[in-house]
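Raw contents of run.cif, mmCIF, C-alpha atoms:
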```
data_protein
#
loop_
_atom_site.label_atom_id
_atom_site.label_comp_id
_atom_site.auth_asym_id
_atom_site.auth_seq_id
_atom_site.Cartn_x
_atom_site.Cartn_y
_atom_site.Cartn_z
CA MET A 303 121.48 100.50 115.96
CA VAL A 304 121.21 102.88 113.03
CA SER A 305 120.52 100.96 109.85
CA GLY A 306 118.24 100.97 106.85
CA GLY A 307 116.36 103.93 105.43
CA GLY A 308 113.47 103.83 107.93
CA THR A 309 115.65 103.74 111.02
CA ARG A 310 117.90 106.51 109.71
CA ASP A 311 114.86 108.65 108.91
CA ARG A 312 113.48 108.14 112.43
CA PHE A 313 116.87 109.04 113.88
CA VAL A 314 117.02 112.25 111.80
CA ARG A 315 113.49 113.21 112.90
CA THR A 316 114.32 112.56 116.58
CA ALA A 317 117.71 114.31 116.38
CA SER A 318 116.06 117.29 114.63
CA THR A 319 113.93 117.86 117.72
CA LEU A 320 117.02 117.87 119.94
CA PHE A 321 119.72 119.60 117.84
CA PRO A 322 119.99 122.42 115.32
CA PRO A 323 119.95 121.36 111.63
CA ASP A 324 123.72 121.84 111.13
CA GLU A 325 124.47 119.53 114.09
CA VAL A 326 122.04 116.89 112.77
CA ASP A 327 123.79 117.09 109.39
CA PHE A 328 127.13 116.75 111.16
CA LEU A 329 125.88 113.61 112.99
CA MET A 330 124.44 112.06 109.86
CA ASP A 331 127.69 112.65 107.97
CA ARG A 332 129.52 110.62 110.63
CA LEU A 333 127.10 107.70 110.71
CA ALA A 334 127.78 104.74 108.48
CA PRO A 335 125.53 104.79 105.39
CA VAL A 336 125.01 101.02 105.83
CA ASP A 337 124.10 98.64 108.60
CA TRP A 338 126.76 98.67 111.31
CA SER A 339 127.24 94.93 110.88
CA GLU A 340 128.64 95.71 107.40
CA VAL A 341 131.31 98.09 108.72
CA ALA A 342 134.79 96.57 109.01
CA THR A 343 136.57 97.04 112.32
CA LYS A 344 140.31 97.18 112.92
CA ALA A 345 140.05 93.64 114.24
CA ASP A 346 138.34 92.57 110.99
CA LEU A 347 141.16 94.14 108.98
CA ARG A 348 143.79 92.44 111.18
CA ASP A 349 142.02 89.10 110.69
CA LEU A 350 141.94 89.70 106.95
CA ALA A 351 145.65 90.54 106.92
CA THR A 352 146.40 87.41 108.97
CA ALA A 353 144.33 85.25 106.62
CA SER A 354 146.11 86.79 103.64
CA GLU A 355 149.52 86.14 105.22
CA MET A 356 148.46 82.55 105.88
CA ARG A 357 147.43 82.10 102.23
CA VAL A 358 150.82 83.42 101.11
CA GLY A 359 152.59 81.16 103.61
CA PHE A 360 150.65 78.10 102.45
CA ALA A 361 151.41 78.95 98.82
CA GLN A 362 155.12 79.14 99.66
CA LEU A 363 154.87 75.86 101.55
CA ARG A 364 153.18 74.17 98.57
CA THR A 365 155.97 75.44 96.30
CA GLU A 366 158.65 74.14 98.65
CA MET A 367 156.87 70.78 98.92
CA ALA A 368 156.71 70.51 95.12
CA GLU A 369 160.44 71.22 94.93
CA LEU A 370 161.13 68.62 97.62
CA ARG A 371 158.95 66.11 95.78
CA GLY A 372 161.01 66.70 92.62
CA ASP A 373 164.25 66.29 94.58
CA LEU A 374 162.91 63.12 96.19
CA ARG A 375 161.97 61.66 92.80
CA ALA A 376 165.46 62.37 91.48
CA GLU A 377 167.07 60.74 94.54
CA MET A 378 164.75 57.73 94.30
CA HIS A 379 165.70 57.32 90.64
CA THR A 380 169.39 57.32 91.60
CA VAL A 381 168.81 54.79 94.40
CA VAL A 382 166.73 52.47 92.20
CA ARG A 383 169.35 52.61 89.46
CA SER A 384 172.15 51.88 91.94
CA TRP A 385 170.22 48.97 93.47
CA THR A 386 169.40 47.59 90.04
CA PHE A 387 173.07 47.51 89.03
CA ALA A 388 174.08 46.12 92.44
CA VAL A 389 171.54 43.28 92.14
CA MET A 390 172.65 42.58 88.58
CA GLY A 391 176.27 42.44 89.78
CA LEU A 392 175.32 40.05 92.61
CA GLN A 393 173.42 37.85 90.17
CA ALA A 394 176.39 37.79 87.80
CA ALA A 395 178.73 36.90 90.68
CA THR A 396 176.35 34.16 91.84
CA ILE A 397 176.12 32.70 88.33
CA ALA A 398 179.92 32.87 87.97
CA GLY A 399 180.27 31.11 91.35
CA VAL A 400 177.83 28.39 90.32
CA ILE A 401 179.68 27.87 86.99
CA ALA A 402 183.00 27.70 88.82
CA ALA A 403 181.60 25.23 91.34
CA VAL A 404 180.20 23.02 88.57
CA ARG A 405 183.61 22.92 86.79
CA ILE A 406 185.40 21.72 89.87
#
```

Can you present the structure in this file as structure tokens?
Amino acid sequence: MVSGGGTRDRFVRTASTLFPPDEVDFLMDRLAPVDWSEVATKADLRDLATASEMRVGFAQLRTEMAELRGDLRAEMHTVVRSWTFAVMGLQAATIAGVIAAVRI
């Protein structure tokens, strides 16, 4: 593995004994200037794109869930209000029935 200044220097010295200077320069120009573990591969870039797409998808999902939560709150408010008036109506009918029964 070609990495670090010392390793690159050793590689240049070794290559210089095997190839002409212009070919050594050509080789060195094509070698990564950093450790190979720091070079991104196509697979790394695909993984990054996939992770980015997932983040966007999760953000959209969170937005949709927030909208659904708002819709659910509105529906629950309507249901609670309807039930409240229905219970009040039943209580009024029960009281009216009790009053009517007492008068008889």

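The residue that comes closest to Ser318 (chain A), out of A:Ala368, A:Ala395, A:Leu350, A:Met330 and on the basis of all atoms listed in the file, is A:Met330.
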
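With CA of Leu370 (chain A) on one side and CA of Ala351 (chain A) on the other, the separation reads 28.4 Å.
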
- Note on the structure: As a check of understanding: the span from CA of Pro335 (chain A) to CA of Arg310 (chain A) is 8.9 Å

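What separates CA of Asp346 (chain A) from CA of Asp331 (chain A) is a distance of 22.9 Å.
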
Please reconstruct the missing atoms of region 369-384 of chain A (target: N, CA and C atoms) and return them as an mmCIF file, keeping the file's coordinate frame.
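Contents of part07.cif, freshly written:
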```cif
data_model
loop_
_atom_site.group_PDB
_atom_site.id
_atom_site.type_symbol
_atom_site.label_atom_id
_atom_site.label_comp_id
_atom_site.auth_asym_id
_atom_site.auth_seq_id
_atom_site.Cartn_x
_atom_site.Cartn_y
_atom_site.Cartn_z
ATOM 1 N N GLU A 369 159.002 71.307 95.195
ATOM 2 C CA GLU A 369 160.440 71.220 94.930
ATOM 3 C C GLU A 369 161.037 70.000 95.632
ATOM 4 N N LEU A 370 160.638 69.787 96.883
ATOM 5 C CA LEU A 370 161.130 68.620 97.620
ATOM 6 C C LEU A 370 160.689 67.323 96.960
ATOM 7 N N ARG A 371 159.458 67.297 96.471
ATOM 8 C CA ARG A 371 158.950 66.110 95.780
ATOM 9 C C ARG A 371 159.795 65.824 94.545
ATOM 10 N N GLY A 372 160.144 66.859 93.793
ATOM 11 C CA GLY A 372 161.010 66.700 92.620
ATOM 12 C C GLY A 372 162.381 66.178 93.011
ATOM 13 N N ASP A 373 162.948 66.750 94.089
ATOM 14 C CA ASP A 373 164.250 66.290 94.580
ATOM 15 C C ASP A 373 164.165 64.832 95.029
ATOM 16 N N LEU A 374 163.090 64.484 95.709
ATOM 17 C CA LEU A 374 162.910 63.120 96.190
ATOM 18 C C LEU A 374 162.810 62.138 95.016
ATOM 19 N N ARG A 375 162.077 62.521 93.981
ATOM 20 C CA ARG A 375 161.970 61.660 92.800
ATOM 21 C C ARG A 375 163.338 61.426 92.173
ATOM 22 N N ALA A 376 164.120 62.487 92.067
ATOM 23 C CA ALA A 376 165.460 62.370 91.480
ATOM 24 C C ALA A 376 166.332 61.438 92.328
ATOM 25 N N GLU A 377 166.278 61.604 93.647
ATOM 26 C CA GLU A 377 167.070 60.740 94.540
ATOM 27 C C GLU A 377 166.602 59.295 94.456
ATOM 28 N N MET A 378 165.277 59.091 94.400
ATOM 29 C CA MET A 378 164.750 57.730 94.300
ATOM 30 C C MET A 378 165.204 57.079 92.989
ATOM 31 N N HIS A 379 165.234 57.841 91.923
ATOM 32 C CA HIS A 379 165.700 57.320 90.640
ATOM 33 C C HIS A 379 167.158 56.864 90.758
ATOM 34 N N THR A 380 167.976 57.671 91.410
ATOM 35 C CA THR A 380 169.390 57.320 91.600
ATOM 36 C C THR A 380 169.517 56.055 92.442
ATOM 37 N N VAL A 381 168.749 55.967 93.526
ATOM 38 C CA VAL A 381 168.810 54.790 94.400
ATOM 39 C C VAL A 381 168.355 53.538 93.657
ATOM 40 N N VAL A 382 167.249 53.628 92.944
ATOM 41 C CA VAL A 382 166.730 52.470 92.200
ATOM 42 C C VAL A 382 167.754 52.012 91.165
ATOM 43 N N ARG A 383 168.335 52.963 90.468
ATOM 44 C CA ARG A 383 169.350 52.610 89.460
ATOM 45 C C ARG A 383 170.549 51.929 90.115
ATOM 46 N N SER A 384 171.014 52.475 91.232
ATOM 47 C CA SER A 384 172.150 51.880 91.940
ATOM 48 C C SER A 384 171.818 50.466 92.410
#
```
